[in-house]
Structures are given as structure tokens and as C-alpha cells.
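S.K.: Input upload27.pdb, format and content: PDB, C-alpha atoms.
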```pdb
MODEL        1
ATOM      1  CA  MET A   1    -157.864 -72.015 -11.859
ATOM      2  CA  LEU A   2    -155.517 -72.172  -8.972
ATOM      3  CA  ASP A   3    -155.334 -75.285  -6.871
ATOM      4  CA  LYS A   4    -155.554 -74.423  -3.298
ATOM      5  CA  ILE A   5    -154.087 -76.804  -0.677
ATOM      6  CA  THR A   6    -156.086 -76.784   2.421
ATOM      7  CA  GLN A   7    -154.650 -77.016   5.935
ATOM      8  CA  ARG A   8    -156.022 -80.515   6.269
ATOM      9  CA  ASP A   9    -154.215 -81.674   3.121
ATOM     10  CA  ARG A  10    -150.915 -80.305   4.444
ATOM     11  CA  GLN A  11    -151.262 -82.296   7.689
ATOM     12  CA  GLN A  12    -151.939 -85.524   5.791
ATOM     13  CA  ILE A  13    -148.857 -85.024   3.589
ATOM     14  CA  LYS A  14    -146.703 -84.345   6.663
ATOM     15  CA  LYS A  15    -147.914 -87.497   8.438
ATOM     16  CA  SER A  16    -147.238 -89.637   5.374
ATOM     17  CA  THR A  17    -143.685 -88.305   5.069
ATOM     18  CA  THR A  18    -142.933 -88.877   8.768
ATOM     19  CA  HIS A  19    -144.273 -92.453   8.643
ATOM     20  CA  GLN A  20    -142.081 -93.257   5.646
ATOM     21  CA  LYS A  21    -139.017 -91.980   7.510
ATOM     22  CA  LYS A  22    -139.729 -94.131  10.574
ATOM     23  CA  LYS A  23    -140.435 -97.263   8.579
ATOM     24  CA  LEU A  24    -136.942 -98.407   7.699
ATOM     25  CA  ASP A  25    -136.336-100.856   4.917
ATOM     26  CA  TYR A  26    -134.262-103.863   5.960
ATOM     27  CA  SER A  27    -134.713-105.639   2.677
ATOM     28  CA  GLN A  28    -131.036-105.105   1.834
ATOM     29  CA  ILE A  29    -128.118-105.739   4.156
ATOM     30  CA  ASN A  30    -124.653-104.771   3.006
ATOM     31  CA  THR A  31    -121.820-107.173   3.788
ATOM     32  CA  CYS A  32    -118.166-106.994   2.894
ATOM     33  CA  ASP A  33    -118.697-109.367  -0.045
ATOM     34  CA  LYS A  34    -122.110-108.842  -1.517
ATOM     35  CA  ILE A  35    -125.625-107.677  -0.870
ATOM     36  CA  ILE A  36    -127.984-110.259   0.723
ATOM     37  CA  GLU A  37    -131.588-109.514  -0.001
ATOM     38  CA  LEU A  38    -134.025-110.389   2.802
ATOM     39  CA  THR A  39    -137.678-109.738   3.259
ATOM     40  CA  ASN A  40    -138.757-107.548   6.129
ATOM     41  CA  GLU A  41    -140.353-110.584   7.773
ATOM     42  CA  GLN A  42    -137.022-112.492   7.722
ATOM     43  CA  VAL A  43    -135.190-109.554   9.200
ATOM     44  CA  HIS A  44    -137.797-109.178  11.916
ATOM     45  CA  ALA A  45    -137.559-112.881  12.811
ATOM     46  CA  ALA A  46    -133.760-112.658  12.961
ATOM     47  CA  LEU A  47    -133.887-109.687  15.303
ATOM     48  CA  ILE A  48    -136.357-111.484  17.583
ATOM     49  CA  SER A  49    -133.996-114.496  17.700
ATOM     50  CA  LEU A  50    -131.059-112.285  18.655
ATOM     51  CA  ILE A  51    -133.067-110.736  21.475
ATOM     52  CA  THR A  52    -134.075-114.218  22.751
ATOM     53  CA  ILE A  53    -130.458-115.463  22.651
ATOM     54  CA  ASP A  54    -129.301-112.369  24.516
ATOM     55  CA  LYS A  55    -131.903-112.981  27.229
ATOM     56  CA  GLN A  56    -130.840-116.627  27.528
ATOM     57  CA  ASN A  57    -127.175-115.647  27.838
ATOM     58  CA  ARG A  58    -127.987-113.171  30.556
ATOM     59  CA  THR A  59    -130.055-115.838  32.385
ATOM     60  CA  VAL A  60    -127.217-118.413  32.225
ATOM     61  CA  ALA A  61    -124.692-115.824  33.388
ATOM     62  CA  SER A  62    -126.959-114.884  36.252
ATOM     63  CA  ARG A  63    -127.294-118.530  37.290
ATOM     64  CA  LYS A  64    -123.509-118.977  37.197
ATOM     65  CA  ARG A  65    -123.026-115.898  39.352
ATOM     66  CA  ARG A  66    -125.552-117.192  41.901
ATOM     67  CA  ARG A  67    -123.922-120.641  41.937
ATOM     68  CA  ASN A  68    -120.422-119.218  42.362
ATOM     69  CA  LYS A  69    -121.658-116.984  45.150
ATOM     70  CA  SER A  70    -123.206-120.000  46.881
ATOM     71  CA  ILE A  71    -119.932-121.962  46.584
ATOM     72  CA  GLU A  72    -117.992-118.991  47.973
ATOM     73  CA  ASN A  73    -120.323-118.854  50.980
ATOM     74  CA  VAL A  74    -119.814-122.577  51.663
ATOM     75  CA  ASN A  75    -116.040-122.192  51.383
ATOM     76  CA  LYS A  76    -116.131-119.263  53.779
ATOM     77  CA  LYS A  77    -117.986-121.377  56.346
ATOM     78  CA  HIS A  78    -115.446-124.196  55.964
ATOM     79  CA  LYS A  79    -112.598-121.704  56.282
ATOM     80  CA  GLN A  80    -114.041-120.353  59.501
ATOM     81  CA  ILE A  81    -114.249-123.864  60.996
ATOM     82  CA  TYR A  82    -111.027-125.331  59.623
ATOM     83  CA  HIS A  83    -108.866-122.254  59.082
ATOM     84  CA  GLU A  84    -105.915-123.931  60.819
ATOM     85  CA  ILE A  85    -106.072-127.122  58.734
ATOM     86  CA  ILE A  86    -104.140-127.525  55.486
ATOM     87  CA  LEU A  87    -105.339-130.185  53.069
ATOM     88  CA  SER A  88    -102.564-132.681  52.439
ATOM     89  CA  ASN A  89    -102.065-136.295  51.484
ATOM     90  CA  THR A  90    -105.723-136.757  50.497
ATOM     91  CA  ASN A  91    -104.898-139.273  47.770
ATOM     92  CA  GLN A  92    -104.495-142.378  49.881
ATOM     93  CA  PRO A  93    -103.573-145.715  48.232
ATOM     94  CA  GLU A  94    -106.896-147.112  49.470
ATOM     95  CA  THR A  95    -110.007-145.510  50.852
ATOM     96  CA  ILE A  96    -110.094-145.293  54.637
ATOM     97  CA  VAL A  97    -113.489-146.333  56.007
ATOM     98  CA  LEU A  98    -113.916-145.522  59.681
ATOM     99  CA  ALA A  99    -116.204-146.850  62.382
ATOM    100  CA  THR A 100    -116.189-145.944  66.063
ATOM    101  CA  SER A 101    -116.612-147.593  69.444
ATOM    102  CA  ALA A 102    -117.357-146.004  72.845
ATOM    103  CA  LEU A 103    -116.400-142.442  71.836
ATOM    104  CA  ASN A 104    -117.867-139.343  73.467
ATOM    105  CA  ILE A 105    -119.395-136.344  71.670
ATOM    106  CA  GLN A 106    -116.187-134.304  71.602
ATOM    107  CA  GLN A 107    -114.218-137.212  70.166
ATOM    108  CA  MET A 108    -116.881-137.750  67.490
ATOM    109  CA  LYS A 109    -116.471-134.115  66.435
ATOM    110  CA  GLN A 110    -112.777-134.773  65.835
ATOM    111  CA  ILE A 111    -113.679-137.892  63.833
ATOM    112  CA  LYS A 112    -115.970-135.880  61.548
ATOM    113  CA  LYS A 113    -113.294-133.221  61.086
ATOM    114  CA  PHE A 114    -110.832-135.976  60.110
ATOM    115  CA  VAL A 115    -113.292-137.449  57.583
ATOM    116  CA  LEU A 116    -113.853-134.063  55.945
ATOM    117  CA  LEU A 117    -110.158-133.208  55.854
ATOM    118  CA  PHE A 118    -108.803-136.471  54.452
ATOM    119  CA  ASN A 119    -111.719-137.414  52.204
ATOM    120  CA  CYS A 120    -112.549-140.612  54.119
ATOM    121  CA  ARG A 121    -115.809-142.378  54.899
ATOM    122  CA  LEU A 122    -117.494-142.778  58.265
ATOM    123  CA  LEU A 123    -120.044-145.498  58.947
ATOM    124  CA  LEU A 124    -122.273-144.894  61.949
ATOM    125  CA  LEU A 125    -123.270-148.331  63.196
ATOM    126  CA  ASP A 126    -126.584-148.922  64.915
ATOM    127  CA  ASP A 127    -127.765-151.776  67.140
ATOM    128  CA  LYS A 128    -128.983-153.788  64.154
ATOM    129  CA  THR A 129    -125.756-153.467  62.150
ATOM    130  CA  ILE A 130    -122.830-154.181  64.412
ATOM    131  CA  PHE A 131    -120.223-154.170  61.666
ATOM    132  CA  ASN A 132    -119.588-153.848  57.940
ATOM    133  CA  HIS A 133    -117.056-155.626  55.739
ATOM    134  CA  THR A 134    -115.932-152.339  54.112
ATOM    135  CA  ILE A 135    -114.584-150.890  57.372
ATOM    136  CA  THR A 136    -110.778-150.581  57.504
ATOM    137  CA  HIS A 137    -110.218-148.709  60.800
ATOM    138  CA  LEU A 138    -112.130-148.897  64.088
ATOM    139  CA  ILE A 139    -111.463-145.900  66.345
ATOM    140  CA  THR A 140    -111.998-146.615  70.044
ATOM    141  CA  ASP A 141    -111.789-144.899  73.381
ATOM    142  CA  GLU A 142    -108.750-145.309  75.608
ATOM    143  CA  ILE A 143    -109.248-145.986  79.295
ATOM    144  CA  GLY A 144    -106.927-145.870  82.258
ATOM    145  CA  GLN A 145    -103.723-143.860  82.149
ATOM    146  CA  ASN A 146    -102.610-141.798  79.164
ATOM    147  CA  ASP A 147    -101.231-143.849  76.271
ATOM    148  CA  SER A 148    -102.556-147.049  77.859
ATOM    149  CA  LEU A 149    -103.814-148.491  74.535
ATOM    150  CA  ILE A 150    -106.566-150.247  76.529
ATOM    151  CA  CYS A 151    -110.104-149.894  75.170
ATOM    152  CA  THR A 152    -113.638-150.698  76.272
ATOM    153  CA  LEU A 153    -114.501-154.127  74.875
ATOM    154  CA  THR A 154    -117.632-153.856  72.707
ATOM    155  CA  LYS A 155    -119.290-155.873  69.964
ATOM    156  CA  ASN A 156    -117.702-153.626  67.354
ATOM    157  CA  VAL A 157    -114.225-154.270  68.733
ATOM    158  CA  VAL A 158    -114.805-158.046  68.592
ATOM    159  CA  CYS A 159    -116.075-157.883  65.000
ATOM    160  CA  ALA A 160    -113.251-155.571  63.883
ATOM    161  CA  ILE A 161    -110.641-157.996  65.232
ATOM    162  CA  ALA A 162    -112.405-160.892  63.480
ATOM    163  CA  GLN A 163    -112.169-158.920  60.216
ATOM    164  CA  HIS A 164    -108.455-158.067  60.681
ATOM    165  CA  CYS A 165    -109.047-154.291  60.811
ATOM    166  CA  PHE A 166    -106.933-151.637  62.469
ATOM    167  CA  ILE A 167    -108.263-151.069  66.012
ATOM    168  CA  LEU A 168    -106.842-147.685  66.994
ATOM    169  CA  SER A 169    -106.991-145.257  69.874
ATOM    170  CA  TYR A 170    -108.743-141.970  69.036
ATOM    171  CA  ARG A 171    -105.348-140.322  69.710
ATOM    172  CA  TRP A 172    -104.400-141.393  66.175
ATOM    173  CA  ILE A 173    -107.132-139.092  64.850
ATOM    174  CA  ILE A 174    -105.901-136.186  66.992
ATOM    175  CA  GLU A 175    -102.301-136.642  65.880
ATOM    176  CA  CYS A 176    -103.272-136.823  62.191
ATOM    177  CA  LEU A 177    -105.173-133.559  62.527
ATOM    178  CA  LYS A 178    -102.267-131.987  64.362
ATOM    179  CA  GLN A 179     -99.741-132.968  61.673
ATOM    180  CA  ASN A 180    -102.142-132.383  58.760
ATOM    181  CA  THR A 181    -101.391-135.791  57.281
ATOM    182  CA  ILE A 182    -102.218-139.488  57.696
ATOM    183  CA  ILE A 183     -99.563-140.899  60.020
ATOM    184  CA  ASN A 184     -98.531-144.492  60.653
ATOM    185  CA  GLU A 185    -101.130-146.362  62.685
ATOM    186  CA  GLU A 186     -99.030-148.975  64.466
ATOM    187  CA  GLN A 187     -98.035-147.025  67.569
ATOM    188  CA  TYR A 188    -101.733-146.259  68.234
ATOM    189  CA  GLU A 189    -102.955-149.853  67.830
ATOM    190  CA  ILE A 190    -104.984-151.144  70.777
ATOM    191  CA  GLU A 191    -103.144-153.743  72.887
ATOM    192  CA  GLY A 192    -105.790-154.795  75.415
ATOM    193  CA  ASP A 193    -109.254-154.229  76.824
ATOM    194  CA  ASN A 194    -111.089-153.785  80.106
ATOM    195  CA  ILE A 195    -112.548-157.329  80.273
ATOM    196  CA  ILE A 196    -110.415-160.043  78.636
ATOM    197  CA  SER A 197    -106.886-158.782  79.230
ATOM    198  CA  THR A 198    -105.090-155.445  79.362
ATOM    199  CA  LYS A 199    -102.296-156.616  77.055
ATOM    200  CA  HIS A 200    -103.104-159.455  74.664
ATOM    201  CA  ASN A 201    -102.210-157.737  71.353
ATOM    202  CA  GLY A 202    -105.063-159.564  69.640
ATOM    203  CA  PRO A 203    -105.835-156.748  67.168
ATOM    204  CA  ARG A 204    -102.275-156.644  65.847
ATOM    205  CA  ARG A 205    -102.010-160.445  65.747
ATOM    206  CA  SER A 206    -105.229-160.684  63.733
ATOM    207  CA  ARG A 207    -104.342-157.832  61.373
ATOM    208  CA  LEU A 208    -100.921-159.243  60.525
ATOM    209  CA  SER A 209    -102.020-162.873  60.143
ATOM    210  CA  LYS A 210    -105.022-162.272  57.825
ATOM    211  CA  ARG A 211    -105.929-165.929  58.392
ATOM    212  CA  PRO A 212    -109.152-167.290  59.862
ATOM    213  CA  LEU A 213    -108.797-168.178  63.528
ATOM    214  CA  LEU A 214    -110.754-171.447  63.434
ATOM    215  CA  PRO A 215    -109.711-174.429  61.290
ATOM    216  CA  LEU A 216    -112.041-175.557  58.513
ATOM    217  CA  ASN A 217    -113.301-178.591  60.461
ATOM    218  CA  HIS A 218    -114.659-176.478  63.355
ATOM    219  CA  PHE A 219    -118.448-176.586  63.604
ATOM    220  CA  ILE A 220    -120.036-174.213  66.114
ATOM    221  CA  MET A 221    -123.474-175.046  67.519
ATOM    222  CA  ILE A 222    -125.085-172.076  69.236
ATOM    223  CA  LYS A 223    -127.802-172.752  71.774
ATOM    224  CA  GLY A 224    -129.465-170.801  74.521
ATOM    225  CA  ASP A 225    -132.076-168.116  74.982
ATOM    226  CA  ASN A 226    -130.303-165.356  73.017
ATOM    227  CA  ARG A 227    -128.445-164.107  76.110
ATOM    228  CA  HIS A 228    -124.681-164.294  75.738
ATOM    229  CA  PHE A 229    -121.428-162.653  76.733
ATOM    230  CA  LEU A 230    -121.335-158.899  75.812
ATOM    231  CA  ASP A 231    -125.055-159.188  74.979
ATOM    232  CA  PHE A 232    -124.352-160.963  71.696
ATOM    233  CA  THR A 233    -127.422-162.560  70.160
ATOM    234  CA  ASN A 234    -127.423-166.043  68.651
ATOM    235  CA  THR A 235    -127.318-164.567  65.150
ATOM    236  CA  GLU A 236    -124.444-162.225  66.005
ATOM    237  CA  LEU A 237    -122.456-165.073  67.542
ATOM    238  CA  GLY A 238    -123.045-167.056  64.376
ATOM    239  CA  ASP A 239    -121.761-164.125  62.324
ATOM    240  CA  ILE A 240    -118.511-163.771  64.266
ATOM    241  CA  ALA A 241    -118.039-167.565  64.225
ATOM    242  CA  TRP A 242    -118.280-167.394  60.434
ATOM    243  CA  LEU A 243    -115.862-164.430  60.334
ATOM    244  CA  ALA A 244    -113.447-166.510  62.429
ATOM    245  CA  GLY A 245    -113.595-169.318  59.863
ATOM    246  CA  GLY A 246    -116.035-171.685  61.621
ATOM    247  CA  ILE A 247    -119.280-173.254  60.428
ATOM    248  CA  TYR A 248    -122.133-172.683  62.838
ATOM    249  CA  ILE A 249    -125.485-174.300  63.504
ATOM    250  CA  GLU A 250    -128.148-172.604  65.588
ATOM    251  CA  GLN A 251    -129.878-175.019  67.984
ATOM    252  CA  ASN A 252    -132.112-173.813  70.833
ATOM    253  CA  ARG A 253    -132.340-177.183  72.581
ATOM    254  CA  PHE A 254    -129.989-180.124  72.416
ATOM    255  CA  PRO A 255    -131.856-183.318  71.386
ATOM    256  CA  ASN A 256    -131.400-185.553  74.459
ATOM    257  CA  THR A 257    -129.038-186.759  77.160
ATOM    258  CA  ASN A 258    -127.953-189.853  75.235
ATOM    259  CA  MET A 259    -126.908-187.684  72.297
ATOM    260  CA  PHE A 260    -125.005-185.413  74.670
ATOM    261  CA  HIS A 261    -122.897-188.339  75.969
ATOM    262  CA  ARG A 262    -122.354-189.718  72.493
ATOM    263  CA  CYS A 263    -121.061-186.312  71.355
ATOM    264  CA  ILE A 264    -118.756-186.127  74.374
ATOM    265  CA  ASP A 265    -117.353-189.554  73.444
ATOM    266  CA  LYS A 266    -116.721-188.352  69.896
ATOM    267  CA  GLY A 267    -114.795-185.303  71.152
ATOM    268  CA  LEU A 268    -117.488-182.633  70.830
ATOM    269  CA  LYS A 269    -116.924-179.744  73.265
ATOM    270  CA  PHE A 270    -119.734-177.828  74.999
ATOM    271  CA  LEU A 271    -118.461-174.341  75.827
ATOM    272  CA  ARG A 272    -119.872-171.012  76.931
ATOM    273  CA  SER A 273    -119.988-168.223  74.376
ATOM    274  CA  GLU A 274    -117.200-166.380  76.171
ATOM    275  CA  TRP A 275    -114.745-168.952  74.801
ATOM    276  CA  LEU A 276    -115.497-167.967  71.200
ATOM    277  CA  ILE A 277    -115.373-164.232  71.939
ATOM    278  CA  ARG A 278    -112.140-164.469  73.933
ATOM    279  CA  SER A 279    -110.507-166.548  71.212
ATOM    280  CA  ILE A 280    -111.435-163.958  68.587
ATOM    281  CA  VAL A 281    -110.351-160.966  70.709
ATOM    282  CA  GLU A 282    -106.942-162.493  71.483
ATOM    283  CA  HIS A 283    -106.778-164.117  68.012
ATOM    284  CA  ARG A 284    -105.679-167.413  69.480
ATOM    285  CA  MET A 285    -107.583-170.444  70.717
ATOM    286  CA  ALA A 286    -108.442-169.934  74.386
ATOM    287  CA  ASN A 287    -108.059-172.766  76.888
ATOM    288  CA  ILE A 288    -111.346-174.680  76.854
ATOM    289  CA  VAL A 289    -111.151-176.054  80.414
ATOM    290  CA  GLN A 290    -112.655-173.040  82.183
ATOM    291  CA  TYR A 291    -115.462-172.639  79.611
ATOM    292  CA  HIS A 292    -117.092-176.087  79.759
ATOM    293  CA  CYS A 293    -120.866-176.030  80.257
ATOM    294  CA  ASP A 294    -123.898-178.305  80.370
ATOM    295  CA  PRO A 295    -125.900-178.016  77.122
ATOM    296  CA  PHE A 296    -129.143-178.584  79.049
ATOM    297  CA  ASP A 297    -128.544-175.472  81.155
ATOM    298  CA  THR A 298    -130.537-172.747  79.338
ATOM    299  CA  ILE A 299    -128.543-169.944  81.002
ATOM    300  CA  ASP A 300    -125.194-168.878  79.616
ATOM    301  CA  ARG A 301    -123.089-168.129  82.720
ATOM    302  CA  SER A 302    -120.337-166.271  80.922
ATOM    303  CA  GLU A 303    -121.016-162.870  82.501
TER     304      GLU A 303
ENDMDL
END
```
Kindly present the structure from the file in C-alpha cells form.
M.R.:
Amino acid sequence: MLDKITQRDRQQIKKSTTHQKKKLDYSQINTCDKIIELTNEQVHAALISLITIDKQNRTVASRKRRRNKSIENVNKKHKQIYHEIILSNTNQPETIVLATSALNIQQMKQIKKFVLLFNCRLLLLDDKTIFNHTITHLITDEIGQNDSLICTLTKNVVCAIAQHCFILSYRWIIECLKQNTIINEEQYEIEGDNIISTKHNGPRRSRLSKRPLLPLNHFIMIKGDNRHFLDFTNTELGDIAWLAGGIYIEQNRFPNTNMFHRCIDKGLKFLRSEWLIRSIVEHRMANIVQYHCDPFDTIDRSE
């Protein structure tokens, strides 16, 4: 009896053979040393891990490329703005902290360029914060003729002198940018102002002395209705009195006339606020004669 293979049987045999060829056996992996036997499940898990790692590597590389591209774009923008500036002398012995006084918009642009170039700090002072102890250089305007070294007298100038800072004309900033380095400040140091005196050299005197202006036994009593020379408030006057080495007491009204005369007899002086400000600006004790006042007068006539 002859066995006959039907067409259907042939197709089933062919499918089985093809399936066996496609289904590879990873149970043995040849290495240079020996054969490591793994199950198909272990091999499958290893392959999945390799695919995951490859995806992660591609993701990290893509992130790096995007970050580098972003940095390149920023550098291009900086190059377009500062293509004529060469970075130099950025490692200063101490950090330069700038503040400004009475500068216009164009001058402030130069200040910001300076800060970016020389890795400095810029503190923008508002009406509530007239000064900061970290400031090293105050950059001011310059009025009158060229190279006059005369500035507009402001609260910030007064406080900077009290703290022995450099008070410099904005021309120092321009010259530093021009030479691409931090140059010596002394020839740009302010010598006078538009109110007290055009040439008192108070900033330099204060900076070089580094000593408090007022002796330790100087007590300052501040009275009045918060209206003083240069629009200083009572609190602000107290602050600069403290910076100048004095001890201050805020008193809105003096007790009585008898006390006033007793204080006069004991050598207590009653002066307008301009005396304190002038003394600080010039960094020397101003003559008290022209600043005497009546403590019962609620108006400070130092304008």
C-alpha cells in the first residue's frame, strides 16, 4: 500500500521547516575562551537592555548637541555686541562692586558693558536703599568743563565718601573699555561737587585715611520733621552719622527751654544737618559757627 502525501500535508511540512529556520537558537554564545550557555529568555532580556541603553545614549547626545547649539547662539550674540572688546585682566585681586550716581541712559549702557567684560558686580540702588557696605566704586556724572572732576552731590555720593569708597568720574569706565583693562583709578577720582565746593578732595581724603571722621565721644541728636539737607530723612542722617563714627539719638522735640540752656552751658552744640553732611563730604570737621540753629525751630533751614 503506497502512502500518498497530499498537497495539504506538503504545505504543513514546508511551514514547519520555515518556522524552524527563522527561530534562531541563542542558547549558546561562543566567546574566545569558552561557551556560555544562556536561556533564550536571558538572551532576549540582554538584547532589550542593549536597545534601551542605545536609546538613552542617543537621547543624552541629542541633549548635549542642543545645549552646545544654545551656547553657540549666546556667544554669537555677545560677539556681535562686543566684537571689539578683548577679555583681559578679569582676575582682579578683589571683586569690584559698582554703584552709580546721576548717570544718563547712555552712560549706564557703558557701565553694564564694563560689568560684563570685567566680571564685576553692579548694584542698582533704589530710594529705600541709598547705599550698601559691599560697594567699592561709585561712578558719578561729571559736570562743567571736560575733565572737571566735579560731580552732582547726591545721597549716594555722601554715603560713598563716609564708607571710604572710590568716587570716580564715568570717564574711568570709558577709558577701561578703550584699553581693555582695569586702569588706575586715582586720576579719575572726584575732587568736588556742585553744592559744597568744587575742589575739596573729600573723597580722596576719606579713602586714604580709612578712619572715622567723628571722635568716639560725639553724640548726634537728630530732630525735626524728616526734612533735611539733600532730602535726607532722620533715619538716613542717623545712618551716615554712624558711618562717620558718631553715636546718634533720634529726638523729634527737645524737652524744654531750661534743658536747652543747660546743654548749651555744658558745651552741647545745636547745628543744622548741613554741618554733618558737609563734614562727611569734605572728610573734615566743618566750622560750626554758620550752622548754629534753635532746637525749637521745627524747620531745618539748611537748603
S.K.: What separation in Å, quoted to one decimal, exists between atom CA of A:Cys120 and atom CA of A:Leu98?
M.R.: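 Distance reported for this atom pair: 7.5 Å.
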S.K.: What separation in Å, quoted to one decimal, exists between atom CA of A:Cys263 and atom CA of A:Ile222?
M.R.: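 One can read the atom CA of A:Cys263 to atom CA of A:Ile222 distance as 14.9 Å.
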S.K.: For this file, the PyMOL selection byres ((chain A and resi 284) around 12) selects which residues, as a PyMOL selection string?
M.R.: chain A and resi 161-162+200-206+209+211-215+244+275-283+285-288
S.K.: Name all residues at most 12 Å from A:Asp126 (count only C-alpha atoms; drop same-chain ones fewer than 5 positions away) and give them as a VMD selection string.
M.R.: chain A and resid 99 to 101 131 to 132 155 to 156
S.K.: What's the 6 Å shell around stretch 189-193 of chain A, counting all atoms listed in the file, without same-chain residues fewer than 4 positions away, as a JSON list (two decimals) with C-alpha atoms, in the frame of the given file?
M.R.:
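Okay, this is what ended up in selection13.json:
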```json
[["chain", "number", "residue", "atom", "x", "y", "z"],
["A", 149, "LEU", "CA", -103.81, -148.49, 74.54],
["A", 150, "ILE", "CA", -106.57, -150.25, 76.53],
["A", 151, "CYS", "CA", -110.10, -149.89, 75.17],
["A", 152, "THR", "CA", -113.64, -150.70, 76.27],
["A", 153, "LEU", "CA", -114.50, -154.13, 74.88],
["A", 167, "ILE", "CA", -108.26, -151.07, 66.01],
["A", 168, "LEU", "CA", -106.84, -147.68, 66.99],
["A", 197, "SER", "CA", -106.89, -158.78, 79.23],
["A", 198, "THR", "CA", -105.09, -155.44, 79.36],
["A", 199, "LYS", "CA", -102.30, -156.62, 77.06],
["A", 200, "HIS", "CA", -103.10, -159.46, 74.66],
["A", 201, "ASN", "CA", -102.21, -157.74, 71.35]]
```
S.K.: The PyMOL selection byres ((chain A and resi 136) around 9) on the file shown: which residues, as a ChimeraX atom specification?
M.R.: /A:95-99,133-135,137-138,160,163-167
S.K.: What do you get, as a VMD selection string, if you spell out every residue that the PyMOL selection byres ((chain A and resi 108-117) around 8) selects here?
M.R.: chain A and resid 85 87 90 103 to 107 118 to 122 173 to 174 176 to 177
S.K.: Could you work out how far atom CA of A:Gly144 lies from atom CA of A:Asn194, giving the answer in Å with one decimal?
M.R.: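 Separating atom CA of A:Asn194 from atom CA of A:Gly144 is a distance of 9.2 Å.
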S.K.: List as a VMD selection string: which residues have an atom within 9 Å of (-117.0, -169.2, 61.0), counting all atoms listed in the file?
M.R.: chain A and resid 212 to 216 218 to 220 238 to 248
S.K.: Using C-alpha atoms, can you write the selected residues to a file as a CSV table (one decimal), keeping the file's coordinate frame?
M.R.:
```csv
chain,number,residue,atom,x,y,z
A,212,PRO,CA,-109.2,-167.3,59.9
A,213,LEU,CA,-108.8,-168.2,63.5
A,214,LEU,CA,-110.8,-171.4,63.4
A,215,PRO,CA,-109.7,-174.4,61.3
A,216,LEU,CA,-112.0,-175.6,58.5
A,218,HIS,CA,-114.7,-176.5,63.4
A,219,PHE,CA,-118.4,-176.6,63.6
A,220,ILE,CA,-120.0,-174.2,66.1
A,238,GLY,CA,-123.0,-167.1,64.4
A,239,ASP,CA,-121.8,-164.1,62.3
A,240,ILE,CA,-118.5,-163.8,64.3
A,241,ALA,CA,-118.0,-167.6,64.2
A,242,TRP,CA,-118.3,-167.4,60.4
A,243,LEU,CA,-115.9,-164.4,60.3
A,244,ALA,CA,-113.4,-166.5,62.4
A,245,GLY,CA,-113.6,-169.3,59.9
A,246,GLY,CA,-116.0,-171.7,61.6
A,247,ILE,CA,-119.3,-173.3,60.4
A,248,TYR,CA,-122.1,-172.7,62.8
```
S.K.: Would you mind writing stretch 206-211 of chain A with all heavy atoms, as a PDB file, in the frame of the given file?
M.R.:
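Just written: out-v8.pdb:
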```pdb
ATOM      1  N   SER A 206    -104.226-160.403  64.760  1.00  0.00           N
ATOM      2  CA  SER A 206    -105.229-160.684  63.733  1.00  0.00           C
ATOM      3  C   SER A 206    -104.928-159.930  62.440  1.00  0.00           C
ATOM      4  O   SER A 206    -105.000-160.495  61.346  1.00  0.00           O
ATOM      5  CB  SER A 206    -106.619-160.301  64.250  1.00  0.00           C
ATOM      6  OG  SER A 206    -107.573-160.385  63.227  1.00  0.00           O
ATOM      7  N   ARG A 207    -104.591-158.655  62.570  1.00  0.00           N
ATOM      8  CA  ARG A 207    -104.342-157.832  61.373  1.00  0.00           C
ATOM      9  C   ARG A 207    -103.164-158.357  60.560  1.00  0.00           C
ATOM     10  O   ARG A 207    -103.206-158.374  59.324  1.00  0.00           O
ATOM     11  CB  ARG A 207    -104.092-156.383  61.794  1.00  0.00           C
ATOM     12  CG  ARG A 207    -103.774-155.443  60.642  1.00  0.00           C
ATOM     13  CD  ARG A 207    -103.570-154.038  61.124  1.00  0.00           C
ATOM     14  NE  ARG A 207    -102.467-153.924  62.063  1.00  0.00           N
ATOM     15  CZ  ARG A 207    -101.174-153.842  61.704  1.00  0.00           C
ATOM     16  NH1 ARG A 207    -100.843-153.895  60.423  1.00  0.00           N
ATOM     17  NH2 ARG A 207    -100.231-153.703  62.615  1.00  0.00           N
ATOM     18  N   LEU A 208    -102.121-158.790  61.234  1.00  0.00           N
ATOM     19  CA  LEU A 208    -100.921-159.243  60.525  1.00  0.00           C
ATOM     20  C   LEU A 208    -101.083-160.647  59.955  1.00  0.00           C
ATOM     21  O   LEU A 208    -100.512-160.970  58.914  1.00  0.00           O
ATOM     22  CB  LEU A 208     -99.710-159.197  61.465  1.00  0.00           C
ATOM     23  CG  LEU A 208     -99.277-157.795  61.919  1.00  0.00           C
ATOM     24  CD1 LEU A 208     -98.108-157.886  62.884  1.00  0.00           C
ATOM     25  CD2 LEU A 208     -98.914-156.913  60.733  1.00  0.00           C
ATOM     26  N   SER A 209    -101.891-161.494  60.615  1.00  0.00           N
ATOM     27  CA  SER A 209    -102.020-162.873  60.143  1.00  0.00           C
ATOM     28  C   SER A 209    -102.915-162.966  58.917  1.00  0.00           C
ATOM     29  O   SER A 209    -102.628-163.726  57.989  1.00  0.00           O
ATOM     30  CB  SER A 209    -102.564-163.761  61.253  1.00  0.00           C
ATOM     31  OG  SER A 209    -103.938-163.480  61.484  1.00  0.00           O
ATOM     32  N   LYS A 210    -104.046-162.240  58.921  1.00  0.00           N
ATOM     33  CA  LYS A 210    -105.022-162.272  57.825  1.00  0.00           C
ATOM     34  C   LYS A 210    -105.599-163.678  57.588  1.00  0.00           C
ATOM     35  O   LYS A 210    -106.197-163.946  56.553  1.00  0.00           O
ATOM     36  CB  LYS A 210    -104.400-161.765  56.516  1.00  0.00           C
ATOM     37  CG  LYS A 210    -103.952-160.326  56.535  1.00  0.00           C
ATOM     38  CD  LYS A 210    -105.111-159.358  56.609  1.00  0.00           C
ATOM     39  CE  LYS A 210    -104.658-157.917  56.493  1.00  0.00           C
ATOM     40  NZ  LYS A 210    -105.752-156.960  56.630  1.00  0.00           N
ATOM     41  N   ARG A 211    -105.400-164.567  58.544  1.00  0.00           N
ATOM     42  CA  ARG A 211    -105.929-165.929  58.392  1.00  0.00           C
ATOM     43  C   ARG A 211    -107.101-166.145  59.337  1.00  0.00           C
ATOM     44  O   ARG A 211    -107.128-165.575  60.430  1.00  0.00           O
ATOM     45  CB  ARG A 211    -104.833-166.947  58.704  1.00  0.00           C
ATOM     46  CG  ARG A 211    -103.675-166.947  57.727  1.00  0.00           C
ATOM     47  CD  ARG A 211    -102.648-167.991  58.117  1.00  0.00           C
ATOM     48  NE  ARG A 211    -101.522-168.021  57.188  1.00  0.00           N
ATOM     49  CZ  ARG A 211    -100.479-168.827  57.312  1.00  0.00           C
ATOM     50  NH1 ARG A 211    -100.423-169.677  58.344  1.00  0.00           N
ATOM     51  NH2 ARG A 211     -99.507-168.799  56.424  1.00  0.00           N
TER      52      ARG A 211
END
```
